Each structure stands twice: as structure tokens, then as C-alpha cells.
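S.K.: Have a look at this one.
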Amino acid sequence: MSATAHLPPGLPRPVPEPDGLDVPYWEGTRRGELHVQRCRACRGWQWGPEWICHRCLAFDLEWPAIEPRGRIYSWERAWHPVHPALRGHGPYVVVLVELTHAGGVRMLGNLLGDPRHDVVIGAPVEAVFEPHDEAAPPFTLVHWRRTA
Amino acid sequence: MSVPRTIRGRVAVVGVGETAYYRHGQAPEPEVKLALQAILAACADAGLDPRQIDGFASYSNDRNDPSRLAAALGLPELRFSNMQWGGGGGGGSAAVGNAAAAIAAGYADCVVVFRALAQGQFQRFGAASPAATVSGEQALTFPYGLISPAQRFAMRVMRFLHDHGIEPEAQRAIALASYHHAQSNPRAVMRGRPLTPEAYDAARWIVEPFRLFDCCLENDGAAALVLVSAERARDLRRRPAYLLGVAQGSEYRNGARGHNAPTYASASFTTVAPHLYAMAGVGPKDVHVVQSYENFTGGVLMSLVEHDFFAPEDANEFLTLDNLIAPGGRLPLNTSGGNLAECYMHGLELQIEAVRQLRGESTSQVPAARVAMVISGPMVTPVSSMLLGTKDVL
């Protein structure tokens with residue numbers, strides 16, 4: 001487990017879907033990159049992943065890397081530990097981040113910093129990649145922190 | 001000749017029944033036995049021989065499948081078996097609608113809608129599953145500690161409260177109304193445990209913006225309703241509660257993964273509610289009493305907005321305890337105590353309470369209630385809602 005993990009060890013580990021749909025996303029995070037879907041036919045953005053473009057119905061989606069910045073669209077501060085790994089921890093903040101430069105797709109993650117601080121909807125944030133190199137298989141989470 | 005495509009006035013609920021309601025994990029009987037007891041209770045209420053049942057409808061992957069129930073009950077034949085897609089309580093009204101559609105279409109004559117839960121014998125909803133790895137939607141949420149239903153939905157509600165400047169007292173009023181009504185309901189798990197505004201405010205956070213009393217219970221028990229055609233209902237002993245309309249579904253791309261629904265701060269009823277009113281031929285001002293599924297109070301708040309009972313900008317003014325309680329409130333809400341304080345029967349206790357209101361048999365009766373609404377499962381997809389009426393409104 002990474003020495004700098006934001007949440008305690010023992011939470012469920014992410015693995016790509018068996019059918020391969022979201023493999024480019026998870027592989028991108030390992031390189032410290034944020035990838036989402038974009039349709040080659042209509043150039044529309046898409047997230048979460050799907051096999052087809054919901055706008056033009058082309059099965060022709062690419063996975064460009066996008067600038068890992070956005071604004072807080074919503075948030076929550078969790079206190080009650082719903083998983084054994086979270087007992088005695090908390091609170092912690094989960095944010096939903098809107099990436100307006102990529103069609104307004106939204107990404108989830110923890111907001112780094114003091115979890116008791118006020119959280120402001122609309123505030124700018126940037127991604128912080130949290131590698132878990134010792135996990136089997138290894139994975140990387142994507143958190144967020146406030147920028148000026 | 002064109003036949004009108006509506007359920008309005010064609011099918012009625014003629015019997016309702018439930019087991020005793022238990023605290024989570026406390027049911028003394030196996031879940032399937034609870035289901036059978038509730039079905040027999042509903043038939044007894046209707047004055048119908050259980051052998052007349054020829055169909056079943058349920059939702060949320062109820063574990064008690066119709067073929068087993070039909071064999072257990074010795075039914076002469078099974079003609080309709082239906083499971084509404086989707087988890088949570090979103091299928092509660094849809095299951096009634098599906099049963100009614102089967103009757104109207106002639107697939108079956110006497111259909112039971114039921115739900116049974118004995119979670120002590122199975123997995124709880126509010127606790128994380130023990131899986132070591134997750135994929136798909138869960139891979140985007142679980143590793144960040146966004147796991148339980150409360151955590152999933154707090155994010156939607158937080159944005160709605162932000163967009164419309166809604167104060168914590170609005171959610172509080174919804175919780176207080178349910179606890180208020182539970183105090184006069186002998187079936188209610190929380191009878192004898194009244195909730196004060198001070199106790200609500202002092203309760204711990206589960207996940208902001210939800211405190212403890214914003215969150216539903218988890219309970220054990222079973223509930224059932226019996227439906228027959230309107231013609232047949234007239235010959236039975238109980239006052240029929242006629243379906244005026246049912247609608248289910250959700251808006252554009254509600255199911256987009258990773259919290260990417262375009263209409264995000266929604267209870268999922270923005271497209272469903274207009275269909276409901278159009279079929280029923282009534283508007284929000286005609287509704288005398290509302291049962292609205294409380295997974296979390298913020299979901300009830302958005303459900304009421306989307307069913308056009310008040311504008312979001314008026315939520316702070318509308319959502320007061322006085323406005324929400326029987327007999328004299330502007331919109332009596334969850335008059336049995338609902339999921340918060342009667343029983344988390346996965347919302348089917350709300351359908352039963354709507355029928356009791358139309359019979360004049362509620363323990364928190366709204367005088368001369370003739371139109372009752374049930375709203376099922378906010379913030380999931382698909383959701384559903386329904387309107388019932390007495391024969392006076394047909």
C-alpha cells in the first residue's frame with residue numbers, strides 16, 4: 001500500500017471490467033494521466049465509459065488524455081464508517097468534479113487536505129494521482145486538491 | 001375502434017396485509033414464511049380465497065420467487081410472474097402498475113404485489129459488501145469511501161440544496177412528520193419513540209447533508225396487496241382503491257456511470273411525474289395525501305418538487321411540520337410513519353397506507369381523502385409513482 005494513501009488500507013481495490021471497457025482509463029491512471037472517451041465520429045465527450053457514443057451511436061470511441069483540472073460540482077463529508085477499514089477514521093470528503101474543458105464530464109475522488117474545512121461548490125481543483133504499486137494488480141486512484 | 005391506453009379506473013387494490021414489523025435482524029420467521037403470511041393477510045382482508053391468486057409482481061430482486069409461492073400456496077395455476085428491474089425502492093409503484101397492466105390486458109385476474117425482507121438472514125443494504133475488488137461503477141466510487149446508499153445519494157442532494165438555498169430545517173420537517181405519524185400507529189417500529197427538533201439537530205452526521213434521522217430504518221417483515229379488475233372489485237367486501245395512474249422510468253441518461261447523469265440534482269422523477277398526472281387526469285392540487293419513499297429525507301424533498309407540489313425556491317416555506325401532518329396540514333406526508341418510523345418494508349408499507357387513507361382507516365386519517373399518491377424510490381433508476389382514488393373520482 002502506498003505510504004501516502006489518503007484513506008486507510010483495506011477498502012475494495014478497483015480492477016478493470018472483465019469485458020475490457022474501462023481498461024484505457026485504469027492504464028492511464030498508472031501513468032499519471034486522466035483519460036476519458038471521445039467519439040471519433042461526432043467529437044463528443046463521454047464519461048462514464050460505454051461501448052457506443054450516446055450522441056451519434058458510433059462504436060468508434062478514442063481515449064484522449066485530458067488536462068486533470070476541474071471545478072467542484074458537489075461534495076459530501078462522510079462520518080459513519082460503512083466499511084470495516086473506515087472504523088475510527090473519518091470524517092473524509094468525497095467530491096464530484098466537473099471538467100468543463102472535456103464536455104463537462106464529471107469525476108469522483110477524495111478532496112485532499114483537512115476534511116473539516118469548508119468545501120465550496122465551484123472551487124477549482126486539480127488531480128492528485130495516488131499509486132498503489134504493491135497491490136495485486138497495482139492500481140492508481142485519482143484524488144483532488146484545491147488550487148488558487 | 002381505438003381503446004384508450006390507460007389504467008385509470010380499470011383495476012383496484014382490494015386487499016392489503018402485512019406481518020408484524022420487526023427491527024433489523026429480529027424477524028422470528030424465515031423470510032419466505034413472512035412473505036406467505038403477508039399474502040394470506042392481504043387475501044383475508046379482501047375476503048378472497050388465496051387459491052384465486054394467479055399472478056405475482058415484485059421489485060428489487062425479491063428473493064421469494066412466484067413459482068415457489070404458487071407451489072407453496074397450492075395455486076391452481078400461475079399466469080403472471082413479474083420482477084421490476086432496478087434496486088432500491090424505485091419499483092414499489094411500478095410493481096403495482098405491472099400487476100394492474102396484467103389484469104387489464106387479461107393475462108391474469110388476481111395479482112398479488114409483495115415484498116419481503118429479513119436482512120438478518122441476508123446482507124444489509126447499508127453495510128459494504130465484503131468484496132476485496134470492485135469493477136465498473138463501484139471501481140469509481142468504493143475506493144474513495146463512497147459506498148453506501150446514503151453516500152451515493154448525499155452527493156445529489158448536496159447539489160440540490162446548494163442550487164436552491166434550502167435550509168436544514170426543510171429536511172428536518174420531513175423526518176419529524178414521519179415520526180409524528182408513527183406515534184399513533186400501532187404497527188410502527190418507532191411508536192413510543194417520538195422525535196423532537198432538538199434530538200434531530202443533536203443527532204450525529206451519517207454523511208453530510210444527512211444526519212441520523214434523515215436516513216431510513218432497515219427492518220424485517222413482509223407486505224402484500226391484492227389487485228383485481230374494477231368490475232370484480234365492486235363485488236368484494238372492502239372499499240376499492242382504484243388506480244388512477246402509474247408511471248415509471250427516469251430522465252435522459254440518468255444511469256450514466258460515475259455520477260454523470262445530466263439532470264444530476266434530481267430524484268429521477270422529472271419525466272415520470274408528468275406522465276403520472278396525464279394518465280390520472282388530476283393535478284397536484286387534487287392530491288389529498290402523499291406517501292413518499294424515504295431512503296433519505298433529501299430524496300423526499302426533491303420528489304415533492306418534481307411532482308409539482310411546490311417550487312424548489314419555496315421549499316423552506318413549504319416544508320414545515322405543520323404543513324406535513326394529518327389531519328389539517330397542506331400536504332399530509334407519510335401518514336403511517338413510512339420508511340423512517342413505521343417500517344422499512346422497502347416502501348410497500350406506503351402503498352398499503354395510501355389504500356388505508358382512501359378507506360378512511362389510517363391511524364393518521366386525512367378527512368375525506370379521495371386521491372392518494374405514492375412516490376417510490378427517489379434518486380435510483382428506474383423510479384415509479386402512482387395515484388389511487390376512491391370511486392368518487394372515477
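Residue names in the C-alpha cells use chain letters A, B, ... in the order shown, residue numbers from 1 in each chain, and ligand numbers from 1 in the order shown.
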Can you list every residue of chain A that has an atom at most 8 Å from chain B, with its nearest atom pair and the distance in Å to one decimal, using only C-alpha atoms, ordered by chain then number, as a Markdown table?

M.R.:
```
| residue | atom | partner | partner_atom | distance |
| --- | --- | --- | --- | --- |
| A:Leu7 | CA | B:Tyr144 | CA | 7.4 |
| A:Leu11 | CA | B:Pro143 | CA | 5.8 |
| A:Pro12 | CA | B:Ala132 | CA | 4.8 |
| A:Arg13 | CA | B:Thr133 | CA | 4.5 |
| A:Pro14 | CA | B:Ala139 | CA | 4.6 |
| A:Val15 | CA | B:Ser135 | CA | 5.2 |
| A:Pro16 | CA | B:Ser135 | CA | 5.7 |
| A:Glu17 | CA | B:Ser135 | CA | 5.4 |
| A:Asp22 | CA | B:Gly136 | CA | 7.6 |
| A:Trp47 | CA | B:Asn260 | CA | 6.9 |
| A:Gly48 | CA | B:Arg257 | CA | 4.6 |
| A:Pro49 | CA | B:Arg257 | CA | 7.3 |
| A:Tyr73 | CA | B:Arg159 | CA | 7.3 |
| A:Ser74 | CA | B:Arg159 | CA | 5.3 |
| A:Trp75 | CA | B:Met155 | CA | 5.6 |
| A:Glu76 | CA | B:Glu208 | CA | 5.5 |
| A:Arg77 | CA | B:Glu208 | CA | 5.1 |
| A:Ala78 | CA | B:Val207 | CA | 4.2 |
| A:Trp79 | CA | B:Ile206 | CA | 5.4 |
| A:His80 | CA | B:Ile206 | CA | 4.8 |
| A:Val82 | CA | B:Ala127 | CA | 5.4 |
| A:His83 | CA | B:Ala128 | CA | 5.4 |
| A:Val94 | CA | B:Tyr144 | CA | 6.9 |
| A:Leu96 | CA | B:Met155 | CA | 7.7 |
| A:Val105 | CA | B:Asn260 | CA | 6.6 |
| A:Arg106 | CA | B:Asn260 | CA | 5.8 |
| A:Met107 | CA | B:Gly258 | CA | 6.8 |
| A:Leu108 | CA | B:Leu140 | CA | 6.9 |
| A:Gly109 | CA | B:Tyr144 | CA | 5.8 |
| A:Asn110 | CA | B:Tyr144 | CA | 5.9 |
| A:Leu141 | CA | B:Pro143 | CA | 7.7 |
```

S.K.: Give me the residues within 9 Å of Arg172 of chain B as a list in words, counting only C-alpha atoms and dropping any in the same chain fewer than 6 places off.

M.R.: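 Skipping anything fewer than 6 positions along the chain leaves Pro197, Tyr200, Asp201, Phe213, Asp214, Thr297, Leu319, Thr320 and Leu321 of chain B.
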
S.K.: Take the residues from that selection and write them out as a PDB file, in the first residue's frame, keeping N, CA and C atoms.

M.R.:
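Result file is again_10.pdb:
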```pdb
ATOM      1  N   PRO B 197     -37.329  18.292  17.421  1.00  0.00           N
ATOM      2  CA  PRO B 197     -36.361  19.029  16.603  1.00  0.00           C
ATOM      3  C   PRO B 197     -34.975  19.048  17.247  1.00  0.00           C
ATOM      4  N   TYR B 200     -33.269  15.747  16.681  1.00  0.00           N
ATOM      5  CA  TYR B 200     -32.830  15.662  15.278  1.00  0.00           C
ATOM      6  C   TYR B 200     -31.521  16.432  15.098  1.00  0.00           C
ATOM      7  N   ASP B 201     -31.502  17.676  15.599  1.00  0.00           N
ATOM      8  CA  ASP B 201     -30.319  18.529  15.397  1.00  0.00           C
ATOM      9  C   ASP B 201     -29.087  17.982  16.117  1.00  0.00           C
ATOM     10  N   PHE B 213     -31.331  10.899  11.548  1.00  0.00           N
ATOM     11  CA  PHE B 213     -32.773  10.768  11.349  1.00  0.00           C
ATOM     12  C   PHE B 213     -33.225  11.156   9.938  1.00  0.00           C
ATOM     13  N   ASP B 214     -32.297  11.517   9.089  1.00  0.00           N
ATOM     14  CA  ASP B 214     -32.612  11.682   7.667  1.00  0.00           C
ATOM     15  C   ASP B 214     -32.610  10.351   6.934  1.00  0.00           C
ATOM     16  N   THR B 297     -34.210  11.907   3.581  1.00  0.00           N
ATOM     17  CA  THR B 297     -35.194  12.995   3.522  1.00  0.00           C
ATOM     18  C   THR B 297     -34.976  13.904   2.320  1.00  0.00           C
ATOM     19  N   LEU B 319     -41.932  23.286   3.590  1.00  0.00           N
ATOM     20  CA  LEU B 319     -41.591  22.096   4.378  1.00  0.00           C
ATOM     21  C   LEU B 319     -41.465  22.451   5.854  1.00  0.00           C
ATOM     22  N   THR B 320     -42.631  22.516   6.496  1.00  0.00           N
ATOM     23  CA  THR B 320     -42.702  22.679   7.944  1.00  0.00           C
ATOM     24  C   THR B 320     -43.515  21.520   8.501  1.00  0.00           C
ATOM     25  N   LEU B 321     -43.322  21.217   9.767  1.00  0.00           N
ATOM     26  CA  LEU B 321     -44.059  20.092  10.353  1.00  0.00           C
ATOM     27  C   LEU B 321     -45.565  20.311  10.232  1.00  0.00           C
TER      28      LEU B 321
END
```

S.K.: Just asking: which residues within segment 79-314 of chain B are strand (DSSP E) according to DSSP, as number ranges by chain?

M.R.: B: 80-84, 110-117, 133-134, 205-208, 210-211, 219-229, 241-249, 289-292

S.K.: Looking at only C-alpha atoms, which of B:Met386, B:Ile103, B:Ala20, B:Cys110 is the one that sits closest to Leu225 of chain B?

M.R.: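 For Leu225 of chain B, the nearest of the candidates is B:Cys110.
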
S.K.: Residues within 8 Å of His307 of chain B, please, as number ranges by chain. Count only C-alpha atoms; anything in the same chain fewer than 5 positions from it doesn't count.

M.R.: B: 269-270, 273-274, 284

S.K.: Skipping near chain neighbours, those fewer than 3 positions away, what residues fall within 10 Å of Glu67 of chain A using only C-alpha atoms, listed as a PDB file with C-alpha atoms, in the first residue's frame?

M.R.:
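File produced: selection.pdb:
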```pdb
ATOM      1  CA  GLU A  33      -2.832  10.602 -16.831  1.00  0.00           C
ATOM      2  CA  LEU A  34      -6.576  11.122 -16.924  1.00  0.00           C
ATOM      3  CA  HIS A  35      -8.262   9.547 -19.944  1.00  0.00           C
ATOM      4  CA  PRO A  64      -7.548  11.054 -25.194  1.00  0.00           C
ATOM      5  CA  GLY A  70     -11.879  20.934 -12.894  1.00  0.00           C
ATOM      6  CA  LEU A  99     -14.237  19.057 -16.214  1.00  0.00           C
ATOM      7  CA  HIS A 101     -12.835  21.539 -20.976  1.00  0.00           C
ATOM      8  CA  ALA A 102     -13.858  17.923 -21.668  1.00  0.00           C
ATOM      9  CA  GLU A 126      -6.502  19.593  -9.768  1.00  0.00           C
ATOM     10  CA  ALA A 127      -5.990  15.850  -9.784  1.00  0.00           C
TER      11      ALA A 127
END
```

S.K.: Tell me, which residues of segment 26-222 of chain B carry DSSP helix (DSSP H, G or I), written as an NGL selection string?

M.R.: :B and (31-46 or 50-52 or 66-72 or 92-105 or 119-121 or 137-144 or 149-164 or 168-182 or 197-202 or 212-214)

S.K.: Between A:Val97, A:Ala123, A:Leu57, A:Ala65, which one has atoms that come closest to Gly28 of chain A, using only C-alpha atoms?

M.R.: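 The answer is A:Ala65, which sits nearest to Gly28 of chain A.
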
S.K.: Write out as a PyMOL selection string the residues lying within 12 Å of Ala175 of chain B, counting only C-alpha atoms and excluding same-chain residues fewer than 2 positions away.

M.R.: chain B and resi 168-173+177-182+194-197+199-201+210-217+292-301+319-321+324-325+333-335+337-342

S.K.: Just C-alpha atoms for this one: save the residues we selected as a compact mmCIF listing (two decimals), in the first residue's frame.

M.R.:
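Output saved as part.txt:
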```txt
# COMPACT_ATOMS: atom_id res chain seq x y z
CA PRO B 168 -31.52 22.03 7.01
CA GLU B 169 -34.94 22.63 8.58
CA ALA B 170 -36.61 21.50 5.34
CA GLN B 171 -35.14 18.00 5.57
CA ARG B 172 -35.84 18.01 9.31
CA ALA B 173 -39.55 18.65 8.81
CA ALA B 177 -43.59 14.31 10.13
CA SER B 178 -42.83 10.61 9.79
CA TYR B 179 -42.03 10.25 13.48
CA HIS B 180 -45.12 12.27 14.41
CA HIS B 181 -47.40 9.96 12.45
CA ALA B 182 -45.70 6.82 13.76
CA PRO B 194 -41.04 10.45 19.36
CA LEU B 195 -38.52 12.70 17.67
CA THR B 196 -38.05 16.33 18.69
CA PRO B 197 -36.36 19.03 16.60
CA ALA B 199 -32.97 15.46 19.07
CA TYR B 200 -32.83 15.66 15.28
CA ASP B 201 -30.32 18.53 15.40
CA PHE B 210 -27.77 13.64 6.14
CA ARG B 211 -27.97 13.26 9.90
CA LEU B 212 -29.04 10.01 11.55
CA PHE B 213 -32.77 10.77 11.35
CA ASP B 214 -32.61 11.68 7.67
CA CYS B 215 -31.89 8.03 6.93
CA CYS B 216 -34.40 5.20 6.66
CA LEU B 217 -34.51 2.28 9.01
CA SER B 292 -43.19 9.42 -0.49
CA TYR B 293 -40.43 6.82 -0.14
CA GLU B 294 -37.83 7.99 2.33
CA ASN B 295 -34.49 6.44 1.71
CA PHE B 296 -33.20 9.86 2.77
CA THR B 297 -35.19 12.99 3.52
CA GLY B 298 -33.46 14.97 0.78
CA GLY B 299 -34.82 12.50 -1.74
CA VAL B 300 -38.35 13.11 -0.47
CA LEU B 301 -37.77 16.84 -0.83
CA LEU B 319 -41.59 22.10 4.38
CA THR B 320 -42.70 22.68 7.94
CA LEU B 321 -44.06 20.09 10.35
CA LEU B 324 -46.90 17.91 6.54
CA ILE B 325 -49.07 16.31 9.22
CA LEU B 333 -46.97 13.23 4.19
CA ASN B 334 -46.07 9.66 5.14
CA THR B 335 -49.04 9.28 7.44
CA GLY B 337 -44.57 6.83 9.63
CA GLY B 338 -43.15 5.46 6.39
CA ASN B 339 -39.65 4.11 5.94
CA LEU B 340 -38.30 6.35 8.69
CA ALA B 341 -40.58 5.38 11.52
CA GLU B 342 -43.23 2.77 10.62
```

S.K.: For segment 240-250 of chain B, list every protein, DNA or RNA residue within 8 Å, evaluated using only C-alpha atoms, and leave out those in the same chain fewer than 5 positions away; present the list as a PyMOL selection string.

M.R.: chain B and resi 6-14+91+93-94+97+230+233-234+268-273+275-277+279-281+355+358-359+381-391+394

S.K.: Please write the residues from the selection above to a file, keeping C-alpha atoms, as a short mmCIF file (atom, residue, chain, number, x, y, z; two decimals), in the first residue's frame.

M.R.:
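File produced: again-v2.cif:
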```cif
data_model
loop_
_atom_site.label_atom_id
_atom_site.label_comp_id
_atom_site.auth_asym_id
_atom_site.auth_seq_id
_atom_site.Cartn_x
_atom_site.Cartn_y
_atom_site.Cartn_z
CA THR B 6 -54.71 3.92 -19.65
CA ILE B 7 -55.04 2.02 -16.41
CA ARG B 8 -57.32 4.70 -14.96
CA GLY B 9 -60.32 3.16 -13.24
CA ARG B 10 -59.74 -0.32 -14.62
CA VAL B 11 -58.02 -2.06 -11.70
CA ALA B 12 -58.33 -1.73 -7.92
CA VAL B 13 -56.47 -2.71 -4.79
CA VAL B 14 -58.97 -4.79 -2.81
CA GLY B 91 -40.02 -0.39 -8.19
CA SER B 93 -45.27 1.66 -7.55
CA ALA B 94 -44.10 0.13 -10.81
CA GLY B 97 -48.57 -0.84 -12.24
CA ALA B 230 -62.62 -2.82 -11.24
CA ALA B 233 -63.70 -5.19 -7.06
CA ARG B 234 -67.26 -3.93 -6.81
CA SER B 268 -35.31 10.95 -11.12
CA PHE B 269 -38.98 11.94 -11.49
CA THR B 270 -38.69 14.95 -13.81
CA THR B 271 -40.04 12.98 -16.78
CA VAL B 272 -42.02 10.41 -14.79
CA ALA B 273 -44.31 12.74 -12.84
CA HIS B 275 -46.82 11.04 -17.31
CA LEU B 276 -48.42 10.13 -13.99
CA TYR B 277 -50.58 13.25 -13.83
CA MET B 279 -52.80 9.44 -17.09
CA ALA B 280 -54.57 10.08 -13.81
CA GLY B 281 -56.32 13.21 -15.05
CA VAL B 355 -55.14 2.37 0.48
CA LEU B 358 -58.82 6.03 0.88
CA ARG B 359 -60.76 3.59 3.07
CA THR B 381 -33.35 4.49 -11.72
CA PRO B 382 -35.94 3.45 -12.67
CA VAL B 383 -38.23 5.12 -10.15
CA SER B 384 -42.03 5.00 -10.13
CA SER B 385 -45.06 6.73 -8.71
CA MET B 386 -48.80 6.13 -8.68
CA LEU B 387 -52.12 7.73 -7.89
CA LEU B 388 -55.04 5.93 -6.27
CA GLY B 389 -58.56 7.21 -5.91
CA THR B 390 -61.94 6.31 -4.47
CA LYS B 391 -64.87 5.63 -6.78
CA LEU B 394 -63.54 7.99 -11.40
#
```

S.K.: Which residues, written as a ChimeraX atom specification, have at least one atom at most 10 Å from Leu236 of chain B, with only C-alpha atoms counted and residues fewer than 3 positions away on the same chain left out?

M.R.: /B:14-15,46-48,228,231-233,239-240

S.K.: Output N, CA and C atoms for every residue in that selection, as a PDB file, in the first residue's frame.

M.R.:
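Final output, result.pdb:
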```
ATOM      1  N   VAL B  14     -57.813  -4.348  -3.603  1.00  0.00           N
ATOM      2  CA  VAL B  14     -58.967  -4.786  -2.815  1.00  0.00           C
ATOM      3  C   VAL B  14     -58.566  -5.424  -1.497  1.00  0.00           C
ATOM      4  N   GLY B  15     -57.276  -5.642  -1.293  1.00  0.00           N
ATOM      5  CA  GLY B  15     -56.839  -6.212  -0.026  1.00  0.00           C
ATOM      6  C   GLY B  15     -55.414  -5.802   0.263  1.00  0.00           C
ATOM      7  N   ALA B  46     -59.180  -8.884   1.854  1.00  0.00           N
ATOM      8  CA  ALA B  46     -60.025  -8.746   0.667  1.00  0.00           C
ATOM      9  C   ALA B  46     -61.242  -9.657   0.719  1.00  0.00           C
ATOM     10  N   GLY B  47     -61.210 -10.664   1.592  1.00  0.00           N
ATOM     11  CA  GLY B  47     -62.266 -11.653   1.587  1.00  0.00           C
ATOM     12  C   GLY B  47     -62.167 -12.589   0.401  1.00  0.00           C
ATOM     13  N   LEU B  48     -60.945 -12.837  -0.039  1.00  0.00           N
ATOM     14  CA  LEU B  48     -60.710 -13.696  -1.203  1.00  0.00           C
ATOM     15  C   LEU B  48     -60.011 -14.979  -0.778  1.00  0.00           C
ATOM     16  N   VAL B 228     -57.438  -6.709  -8.349  1.00  0.00           N
ATOM     17  CA  VAL B 228     -58.353  -7.354  -9.302  1.00  0.00           C
ATOM     18  C   VAL B 228     -58.925  -6.261 -10.208  1.00  0.00           C
ATOM     19  N   GLU B 231     -64.351  -4.252 -12.195  1.00  0.00           N
ATOM     20  CA  GLU B 231     -65.653  -4.930 -12.174  1.00  0.00           C
ATOM     21  C   GLU B 231     -65.732  -5.898 -10.997  1.00  0.00           C
ATOM     22  N   ARG B 232     -64.678  -6.679 -10.840  1.00  0.00           N
ATOM     23  CA  ARG B 232     -64.681  -7.673  -9.774  1.00  0.00           C
ATOM     24  C   ARG B 232     -64.579  -6.993  -8.404  1.00  0.00           C
ATOM     25  N   ALA B 233     -63.893  -5.887  -8.339  1.00  0.00           N
ATOM     26  CA  ALA B 233     -63.702  -5.188  -7.061  1.00  0.00           C
ATOM     27  C   ALA B 233     -65.034  -4.756  -6.464  1.00  0.00           C
ATOM     28  N   ARG B 239     -63.786  -1.399   0.495  1.00  0.00           N
ATOM     29  CA  ARG B 239     -63.905  -0.273  -0.430  1.00  0.00           C
ATOM     30  C   ARG B 239     -62.706  -0.276  -1.374  1.00  0.00           C
ATOM     31  N   PRO B 240     -62.928  -0.383  -2.682  1.00  0.00           N
ATOM     32  CA  PRO B 240     -61.773  -0.477  -3.590  1.00  0.00           C
ATOM     33  C   PRO B 240     -60.981   0.829  -3.641  1.00  0.00           C
TER      34      PRO B 240
END
```

S.K.: Quick one: distance from atom CA of Arg69 of chain A to atom CA of Ile121 of chain A in Å, one decimal?

M.R.: 14.5 Å

S.K.: With only C-alpha atoms as the atoms that count, which of A:Asp133, A:Ile72, A:Cys42, A:Pro8 lies nearest to Tyr92 of chain A?

M.R.: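 Of the candidates, the smallest distance to Tyr92 of chain A is held by A:Pro8.
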